[in-house]
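One file, coords-v1.cif, is given below (mmCIF, C-alpha atoms).
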```cif
data_upload
loop_
_atom_site.label_atom_id
_atom_site.label_comp_id
_atom_site.auth_asym_id
_atom_site.auth_seq_id
_atom_site.Cartn_x
_atom_site.Cartn_y
_atom_site.Cartn_z
CA MET A 1 -16.61 20.36 28.74
CA ALA A 2 -17.04 16.91 27.18
CA SER A 3 -14.04 15.34 25.48
CA VAL A 4 -14.26 13.60 22.12
CA LEU A 5 -11.90 11.16 20.38
CA ILE A 6 -12.19 11.58 16.59
CA VAL A 7 -11.46 8.45 14.53
CA ASP A 8 -11.23 8.63 10.72
CA ASP A 9 -8.52 7.66 8.26
CA ALA A 10 -9.19 10.79 6.17
CA SER A 11 -7.43 13.87 7.53
CA PHE A 12 -10.08 16.02 5.81
CA MET A 13 -12.92 14.35 7.71
CA ARG A 14 -11.04 14.64 11.02
CA MET A 15 -10.60 18.35 10.34
CA MET A 16 -14.32 18.77 9.53
CA ILE A 17 -15.46 17.02 12.71
CA LYS A 18 -12.87 18.84 14.83
CA ASP A 19 -14.09 22.15 13.41
CA ILE A 20 -17.73 21.36 14.27
CA LEU A 21 -16.82 20.22 17.78
CA THR A 22 -14.54 23.11 18.71
CA LYS A 23 -17.14 25.62 17.48
CA ASN A 24 -19.56 23.96 19.91
CA ASP A 25 -17.17 24.09 22.88
CA PHE A 26 -16.14 20.46 22.97
CA GLU A 27 -12.65 19.39 23.93
CA ILE A 28 -10.79 17.24 21.38
CA ALA A 29 -9.30 14.37 23.40
CA GLY A 30 -7.34 13.11 20.39
CA GLU A 31 -7.42 11.96 16.78
CA ALA A 32 -6.91 8.41 15.52
CA SER A 33 -6.52 7.36 11.90
CA ASN A 34 -7.34 3.66 12.20
CA GLY A 35 -9.18 1.25 14.46
CA GLN A 36 -6.13 0.05 16.38
CA GLU A 37 -5.08 3.61 17.19
CA ALA A 38 -8.66 4.22 18.36
CA VAL A 39 -8.55 1.27 20.78
CA ASP A 40 -5.13 2.31 22.12
CA MET A 41 -6.12 5.96 22.48
CA TYR A 42 -9.42 5.08 24.15
CA ASN A 43 -7.53 3.04 26.77
CA GLU A 44 -5.21 5.95 27.38
CA LEU A 45 -7.57 8.92 27.21
CA LYS A 46 -10.99 7.58 28.31
CA PRO A 47 -12.88 10.25 26.33
CA ASP A 48 -16.54 11.03 27.01
CA LEU A 49 -17.43 10.21 23.40
CA VAL A 50 -15.94 8.72 20.23
CA THR A 51 -16.85 9.48 16.60
CA MET A 52 -15.82 6.33 14.72
CA ASP A 53 -15.44 5.97 10.95
CA ILE A 54 -16.30 2.50 9.63
CA THR A 55 -13.99 1.87 6.68
CA MET A 56 -10.37 2.24 7.79
CA PRO A 57 -7.10 0.40 7.18
CA GLU A 58 -5.53 -2.02 9.69
CA LYS A 59 -8.64 -2.34 11.85
CA ASP A 60 -12.08 -1.14 10.77
CA GLY A 61 -14.40 0.90 12.94
CA VAL A 62 -16.83 -1.92 13.74
CA VAL A 63 -14.04 -4.18 15.07
CA ALA A 64 -12.58 -1.28 17.07
CA LEU A 65 -16.05 -0.50 18.48
CA LYS A 66 -16.46 -4.10 19.63
CA GLU A 67 -13.07 -4.10 21.34
CA ILE A 68 -13.72 -0.84 23.14
CA GLN A 69 -17.25 -1.92 24.17
CA SER A 70 -15.94 -5.23 25.56
CA ASN A 71 -13.45 -3.37 27.78
CA TYR A 72 -15.69 -0.40 28.56
CA PRO A 73 -19.40 -1.32 28.26
CA ASP A 74 -20.39 2.28 29.05
CA ALA A 75 -18.33 3.73 26.18
CA LYS A 76 -20.31 6.19 24.07
CA ILE A 77 -19.48 5.68 20.41
CA ILE A 78 -21.17 7.24 17.37
CA MET A 79 -20.45 5.61 14.01
CA CYS A 80 -19.67 7.69 10.90
CA SER A 81 -20.66 5.71 7.84
CA ALA A 82 -20.74 6.32 4.12
CA MET A 83 -24.06 5.89 2.35
CA GLY A 84 -24.66 2.30 1.30
CA GLN A 85 -23.14 0.77 4.46
CA GLN A 86 -26.42 -0.17 6.14
CA SER A 87 -25.41 -3.69 7.06
CA MET A 88 -22.27 -2.50 8.85
CA VAL A 89 -24.23 0.21 10.64
CA ILE A 90 -26.75 -2.38 11.89
CA ASP A 91 -23.87 -4.59 13.05
CA ALA A 92 -22.36 -1.62 14.91
CA ILE A 93 -25.63 -0.63 16.59
CA GLN A 94 -26.16 -4.23 17.72
CA ALA A 95 -22.61 -4.18 19.10
CA GLY A 96 -23.35 -1.12 21.22
CA ALA A 97 -22.88 1.98 19.05
CA LYS A 98 -25.17 4.71 20.38
CA ASP A 99 -26.02 6.35 17.05
CA PHE A 100 -24.72 6.86 13.54
CA ILE A 101 -24.20 9.75 11.14
CA VAL A 102 -23.95 9.35 7.38
CA LYS A 103 -21.32 11.15 5.31
CA PRO A 104 -21.50 13.74 3.86
CA PHE A 105 -23.10 15.21 6.97
CA GLN A 106 -24.26 18.63 8.10
CA ALA A 107 -22.97 20.16 11.33
CA ASP A 108 -26.51 20.18 12.79
CA ARG A 109 -26.89 16.45 12.36
CA VAL A 110 -23.53 15.81 14.02
CA MET A 111 -24.41 17.98 17.00
CA ASP A 112 -27.90 16.45 17.32
CA ALA A 113 -26.38 12.97 17.54
CA ILE A 114 -23.67 14.01 20.01
CA ASN A 115 -26.01 15.97 22.28
CA LYS A 116 -28.53 13.13 22.29
CA VAL A 117 -25.89 10.56 23.23
CA LEU A 118 -24.31 12.73 25.93
CA GLY A 119 -27.66 14.06 27.16
CA MET B 120 -22.55 -16.76 -29.22
CA SER B 121 -21.11 -13.90 -27.18
CA SER B 122 -21.83 -13.83 -23.43
CA THR B 123 -20.00 -10.58 -22.74
CA PRO B 124 -22.04 -8.65 -20.16
CA GLN B 125 -23.30 -5.27 -21.36
CA MET B 126 -23.75 -2.06 -19.42
CA GLU B 127 -27.36 -1.47 -18.40
CA ALA B 128 -29.02 1.92 -18.47
CA HIS B 129 -30.51 1.78 -14.97
CA HIS B 130 -27.09 1.03 -13.45
CA ILE B 131 -25.44 3.87 -15.33
CA ASN B 132 -28.27 6.23 -14.41
CA ALA B 133 -27.87 5.36 -10.72
CA ILE B 134 -24.16 6.21 -10.85
CA THR B 135 -24.50 9.50 -12.73
CA SER B 136 -27.43 10.46 -10.52
CA ALA B 137 -25.22 9.85 -7.46
CA ALA B 138 -22.48 12.16 -8.73
CA THR B 139 -25.00 14.84 -9.69
CA THR B 140 -26.70 14.67 -6.30
CA ILE B 141 -23.43 15.03 -4.41
CA VAL B 142 -22.37 18.05 -6.45
CA LYS B 143 -25.78 19.75 -6.34
CA GLN B 144 -27.16 18.91 -2.91
CA HIS B 145 -24.05 18.54 -0.79
CA LEU B 146 -21.73 21.03 -2.43
CA GLY B 147 -24.47 23.46 -3.47
CA ILE B 148 -23.16 23.73 -7.03
CA GLU B 149 -25.58 23.81 -9.98
CA ALA B 150 -24.81 20.89 -12.27
CA ALA B 151 -26.42 18.86 -15.02
CA VAL B 152 -25.37 15.87 -17.08
CA SER B 153 -25.17 16.53 -20.81
CA LYS B 154 -25.18 14.05 -23.67
CA PRO B 155 -23.03 11.00 -22.92
CA PHE B 156 -20.61 9.57 -25.44
CA VAL B 157 -18.67 6.37 -25.91
CA SER B 158 -15.01 6.75 -25.00
CA GLY B 159 -14.22 3.18 -25.97
CA LYS B 160 -11.52 1.12 -24.32
CA GLN B 161 -9.31 4.09 -23.55
CA PHE B 162 -9.59 7.79 -22.84
CA MET B 163 -7.38 10.72 -21.90
CA SER B 164 -8.17 12.12 -18.47
CA SER B 165 -8.22 15.71 -17.35
CA ASP B 166 -5.74 17.03 -14.70
CA ILE B 167 -7.08 15.09 -11.74
CA SER B 168 -8.80 11.70 -11.70
CA VAL B 169 -10.64 9.93 -8.91
CA VAL B 170 -10.49 6.21 -9.67
CA MET B 171 -12.91 3.79 -8.01
CA GLY B 172 -13.28 0.05 -8.49
CA VAL B 173 -16.72 -1.57 -8.32
CA ASN B 174 -17.18 -5.10 -6.95
CA GLY B 175 -20.23 -7.14 -6.05
CA THR B 176 -23.21 -7.98 -8.23
CA LEU B 177 -21.71 -5.44 -10.65
CA GLU B 178 -18.05 -5.02 -11.52
CA GLY B 179 -15.98 -2.39 -13.26
CA GLN B 180 -14.63 1.10 -12.81
CA ILE B 181 -15.91 4.61 -12.18
CA ILE B 182 -13.40 7.38 -12.94
CA CYS B 183 -14.26 11.05 -12.33
CA THR B 184 -11.84 13.46 -13.96
CA MET B 185 -11.66 17.24 -13.82
CA LYS B 186 -9.39 20.23 -14.25
CA ARG B 187 -7.27 21.28 -11.28
CA GLU B 188 -9.31 24.50 -10.85
CA THR B 189 -12.52 22.46 -10.69
CA ALA B 190 -11.03 20.19 -8.03
CA CYS B 191 -9.94 23.27 -6.04
CA SER B 192 -13.50 24.65 -6.25
CA ILE B 193 -14.95 21.32 -5.07
CA VAL B 194 -12.54 21.26 -2.13
CA GLY B 195 -13.37 24.88 -1.32
CA SER B 196 -17.09 24.04 -1.23
CA MET B 197 -16.42 20.99 0.94
CA MET B 198 -14.55 23.24 3.36
CA GLY B 199 -17.55 25.53 3.69
CA GLY B 200 -16.87 28.05 0.95
CA LEU B 201 -13.14 28.71 1.22
CA GLU B 202 -11.15 29.91 -1.76
CA ILE B 203 -8.62 27.19 -2.57
CA ASN B 204 -5.91 27.79 -5.16
CA GLU B 205 -3.55 24.89 -4.41
CA LEU B 206 -4.19 21.37 -3.23
CA ASP B 207 -2.16 20.60 -0.12
CA GLU B 208 -2.31 17.35 1.86
CA MET B 209 -5.68 18.33 3.34
CA GLY B 210 -6.93 19.25 -0.14
CA TRP B 211 -5.96 15.89 -1.59
CA SER B 212 -7.67 14.19 1.34
CA ALA B 213 -10.79 16.21 0.49
CA VAL B 214 -10.64 15.14 -3.19
CA GLN B 215 -10.45 11.52 -2.04
CA GLU B 216 -13.38 12.11 0.30
CA PHE B 217 -15.36 13.59 -2.60
CA GLY B 218 -14.81 10.25 -4.34
CA ASN B 219 -15.99 8.44 -1.22
CA TRP B 220 -19.17 10.52 -1.15
CA VAL B 221 -19.92 9.78 -4.81
CA ALA B 222 -19.11 6.10 -4.26
CA GLY B 223 -21.31 5.86 -1.18
CA LYS B 224 -24.21 7.57 -2.91
CA ALA B 225 -23.76 5.31 -5.97
CA ALA B 226 -23.84 2.20 -3.77
CA SER B 227 -26.98 3.53 -2.10
CA GLU B 228 -28.70 4.32 -5.43
CA LEU B 229 -27.75 0.92 -6.85
CA SER B 230 -29.21 -0.85 -3.81
CA ASN B 231 -32.54 0.69 -4.88
CA VAL B 232 -32.32 -1.34 -8.09
CA LYS B 233 -31.37 -4.50 -6.15
CA GLU B 234 -27.64 -4.37 -6.81
CA THR B 235 -25.20 -4.87 -3.96
CA ILE B 236 -21.78 -3.39 -4.55
CA ASP B 237 -18.65 -2.39 -2.70
CA ILE B 238 -16.61 0.45 -4.07
CA SER B 239 -12.89 0.38 -3.36
CA PRO B 240 -11.35 3.40 -1.60
CA PRO B 241 -10.72 6.04 -4.27
CA VAL B 242 -7.25 6.36 -5.75
CA ILE B 243 -6.31 9.84 -6.94
CA ASN B 244 -4.31 10.27 -10.13
CA GLU B 245 -2.61 13.62 -10.68
CA GLY B 246 -1.80 14.71 -14.23
CA GLN B 247 -3.39 14.00 -17.58
CA SER B 248 -3.18 10.28 -18.26
CA THR B 249 -4.44 7.68 -20.67
CA PHE B 250 -6.66 5.12 -18.97
CA ARG B 251 -7.07 1.79 -20.74
CA MET B 252 -9.40 -1.08 -20.00
CA GLU B 253 -10.60 -4.26 -21.69
CA LYS B 254 -14.20 -3.08 -21.56
CA THR B 255 -15.81 0.03 -23.02
CA PHE B 256 -16.15 3.27 -21.10
CA LEU B 257 -19.19 5.53 -21.41
CA THR B 258 -18.46 9.16 -20.57
CA PHE B 259 -20.98 11.52 -18.96
CA PRO B 260 -20.05 15.21 -18.89
CA LEU B 261 -21.37 16.80 -15.70
CA GLY B 262 -21.44 20.51 -16.52
CA SER B 263 -21.39 22.97 -13.64
CA ASP B 264 -20.53 26.54 -12.66
CA ILE B 265 -17.07 25.37 -11.58
CA GLY B 266 -16.23 23.51 -14.80
CA GLU B 267 -16.93 20.09 -16.21
CA ILE B 268 -16.53 16.84 -14.33
CA TYR B 269 -16.30 13.86 -16.67
CA ILE B 270 -17.73 10.65 -15.24
CA HIS B 271 -16.27 7.67 -17.07
CA VAL B 272 -18.22 4.50 -16.31
CA SER B 273 -17.56 0.90 -17.23
CA VAL B 274 -19.79 -1.26 -15.05
CA THR B 275 -21.38 -4.56 -16.04
CA PRO B 276 -23.14 -7.40 -14.21
CA ALA B 277 -20.57 -9.65 -12.50
CA LYS B 278 -19.92 -12.99 -14.13
CA SER B 279 -21.45 -15.68 -11.97
#
```

Structure translated into structure tokens:
Amino acid sequence: MASVLIVDDASFMRMMIKDILTKNDFEIAGEASNGQEAVDMYNELKPDLVTMDITMPEKDGVVALKEIQSNYPDAKIIMCSAMGQQSMVIDAIQAGAKDFIVKPFQADRVMDAINKVLG
Amino acid sequence: MSSTPQMEAHHINAITSAATTIVKQHLGIEAAVSKPFVSGKQFMSSDISVVMGVNGTLEGQIICTMKRETACSIVGSMMGGLEINELDEMGWSAVQEFGNWVAGKAASELSNVKETIDISPPVINEGQSTFRMEKTFLTFPLGSDIGEIYIHVSVTPAKS
């Protein structure tokens, strides 16, 4: 069972993603509400996959992605962006993000991205 | 000679279209914008307001206000069709996320008319309040099966 670290500052979005993942038999490694927590929790938990929001307080998702990728080049990270954040998504993909999903998203799209990255 | 920037129809249309699309396509709620009116430099909100600041090639404010029951219905739809009667911490987070969705869609629609904007994270105001601003607000009633959402817009080209 693959483990996933969910990173989003909005508790509602964390709940939505957690719901989709648990219904599809994934293990929730942990939940982080900002980029720094994501980096710290990645170091501690070494999850199989991370879903990473972009706009967050303290440290945004793109900076957190770059830190995690520099320590763990094989890290599998999927970015969760709002519409209208194309430039940040491109930056994240160039920095090693494996895919991105755009909010508001459908469960199918989330699972397609996760299965493709883990496949 | 006055150089005060004026609101432009294609910017306003992009914003109201964004809100309508989110409500119709992503929440599955039938909705349509009815005749807009000028609220002037101040207006009284409904029970709950989602306040967003616009920065970039355009600047101003977008404020969506609605009755508490309408907000509960929106949250219920966002949670996959649950019946919500009270907004708890998760519910308020969902209202804020609704603002994020509208803001993101508005930024996307405005990029189609060559405007580049950032929208500040939504602030939620609880309770009927008077909002005042130096510039004029236009108000667009978005009628739906779950009640009216009023979209108050004051967005003009940024001063260079």

Using all atoms listed in the file, find the residues of chain A whose closest atom to chain B is at most 6 Å away, then write them as a CSV table (one decimal) with C-alpha atoms, in the coordinates of the input.
```csv
chain,number,residue,atom,x,y,z
A,12,PHE,CA,-10.1,16.0,5.8
A,82,ALA,CA,-20.7,6.3,4.1
A,83,MET,CA,-24.1,5.9,2.4
A,84,GLY,CA,-24.7,2.3,1.3
```

Q.
Can you spell out as number ranges by chain the set of residues that the PyMOL selection byres ((chain B and resi 166) around 12) selects in the structure I just provided?
A. B: 163-165, 167-169, 183-191, 243-249, 267-269

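In this model, the gap between atom CA of A:Val4 and atom CA of A:Pro73 comes to 16.9 Å.
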
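You can rank B:Leu257, B:Val142, B:Leu177, B:Val157 by their closest distance to B:Pro124 using all atoms listed in the file, and at the top of that list sits B:Leu177.
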
Q | Distance query A:Gly96 at most 8 Å, all atoms listed in the file, self and fewer than 3 positions along chain excluded, as a PyMOL selection string | A | chain A and resi 65-66+69+77+92-93

Okay, now the selection with C-alpha atoms, as an mmCIF file, keeping the file's coordinate frame?
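Written out: selection_1.cif:
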```
data_model
loop_
_atom_site.group_PDB
_atom_site.id
_atom_site.type_symbol
_atom_site.label_atom_id
_atom_site.label_comp_id
_atom_site.auth_asym_id
_atom_site.auth_seq_id
_atom_site.Cartn_x
_atom_site.Cartn_y
_atom_site.Cartn_z
ATOM 1 C CA LEU A 65 -16.050 -0.500 18.480
ATOM 2 C CA LYS A 66 -16.460 -4.100 19.630
ATOM 3 C CA GLN A 69 -17.250 -1.920 24.170
ATOM 4 C CA ILE A 77 -19.480 5.680 20.410
ATOM 5 C CA ALA A 92 -22.360 -1.620 14.910
ATOM 6 C CA ILE A 93 -25.630 -0.630 16.590
#
```

Q. Nearest to A:Asn115: which of A:Leu49, A:Met88, A:Ala32, A:Ile68 is it, counting all atoms listed in the file?
A. A:Leu49

Q: Could you check how far atom CA of A:Arg109 sits from atom CA of B:Glu234, in Å to one decimal?
A: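 So the two atoms, atom CA of A:Arg109 and atom CA of B:Glu234, lie 28.3 Å apart.
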
**Q.** Residues within 8 Å of A:Ile114, all atoms listed in the file, excluding chain neighbours under 4 positions, as a ChimeraX atom specification
**A.** /A:78,110,118

Q: Go ahead and compute the interatomic distance for atom CA of A:Met41 and atom CA of A:Lys103, in Å to one decimal.
A: 23.5 Å

What lies within 8 Å of A:Lys76 using only C-alpha atoms, ignoring chain neighbours under 3 positions off, as an mmCIF file with C-alpha atoms, keeping the file's coordinate frame?
```
data_model
loop_
_atom_site.group_PDB
_atom_site.id
_atom_site.type_symbol
_atom_site.label_atom_id
_atom_site.label_comp_id
_atom_site.auth_asym_id
_atom_site.auth_seq_id
_atom_site.Cartn_x
_atom_site.Cartn_y
_atom_site.Cartn_z
ATOM 1 C CA ASP A 48 -16.540 11.030 27.010
ATOM 2 C CA LEU A 49 -17.430 10.210 23.400
ATOM 3 C CA VAL A 50 -15.940 8.720 20.230
ATOM 4 C CA ALA A 97 -22.880 1.980 19.050
ATOM 5 C CA LYS A 98 -25.170 4.710 20.380
ATOM 6 C CA VAL A 117 -25.890 10.560 23.230
ATOM 7 C CA LEU A 118 -24.310 12.730 25.930
#
```

Q: Go through A:Met15, A:Ala2, A:Val89, A:Ala107 and flag the residue nearest A:Glu27, using only C-alpha atoms for the distances.
A: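 The answer is A:Ala2, which sits nearest to A:Glu27.
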
Q: Find, counting only C-alpha atoms, the residue in A:Gln85, A:Gly119, A:Met111, A:Phe105 that gets nearest to B:Gln144.
A: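 Counting only C-alpha atoms, the residue closest to B:Gln144 is A:Phe105.
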
Q. Just so the selection is clear, what residues does the PyMOL selection byres ((chain B and resi 258) around 12) cover here, as a count of residues only?
A. 36

Report, as AutoDock Vina command-line options, the axis-aligned box around all atoms of stretch 183-196 of chain B present in the file, extended by 6 Å on each side; give centre and edge lengths in Å to one decimal place.
```
--center_x -12.2 --center_y 18.0 --center_z -7.7 --size_x 21.8 --size_y 25.8 --size_z 25.0
```

Q: List every protein, DNA or RNA residue that has an atom no more than 8 Å from (-11.7, 10.0, 11.0) in the file's coordinate frame, counting all atoms listed in the file, and report them as a list in words.
A: Ile6, Val7, Asp8, Asp9, Ala10, Ser11, Met13, Arg14, Glu31, Ala32, Ser33, Asn34, Thr51, Met52 and Asp53 of chain A

Pull C-alpha atoms from the residues just selected and write them as a PDB file, in the coordinates of the input.
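Now in again31.pdb:
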```
ATOM      1  CA  ILE A   6     -12.190  11.580  16.590  1.00  0.00           C
ATOM      2  CA  VAL A   7     -11.460   8.450  14.530  1.00  0.00           C
ATOM      3  CA  ASP A   8     -11.230   8.630  10.720  1.00  0.00           C
ATOM      4  CA  ASP A   9      -8.520   7.660   8.260  1.00  0.00           C
ATOM      5  CA  ALA A  10      -9.190  10.790   6.170  1.00  0.00           C
ATOM      6  CA  SER A  11      -7.430  13.870   7.530  1.00  0.00           C
ATOM      7  CA  MET A  13     -12.920  14.350   7.710  1.00  0.00           C
ATOM      8  CA  ARG A  14     -11.040  14.640  11.020  1.00  0.00           C
ATOM      9  CA  GLU A  31      -7.420  11.960  16.780  1.00  0.00           C
ATOM     10  CA  ALA A  32      -6.910   8.410  15.520  1.00  0.00           C
ATOM     11  CA  SER A  33      -6.520   7.360  11.900  1.00  0.00           C
ATOM     12  CA  ASN A  34      -7.340   3.660  12.200  1.00  0.00           C
ATOM     13  CA  THR A  51     -16.850   9.480  16.600  1.00  0.00           C
ATOM     14  CA  MET A  52     -15.820   6.330  14.720  1.00  0.00           C
ATOM     15  CA  ASP A  53     -15.440   5.970  10.950  1.00  0.00           C
TER      16      ASP A  53
END
```

Q: Between A:Asp60, A:Glu67, A:Asp19, A:Asp99, single out the one closest to A:Asn43, counting all atoms listed in the file.
A: A:Glu67
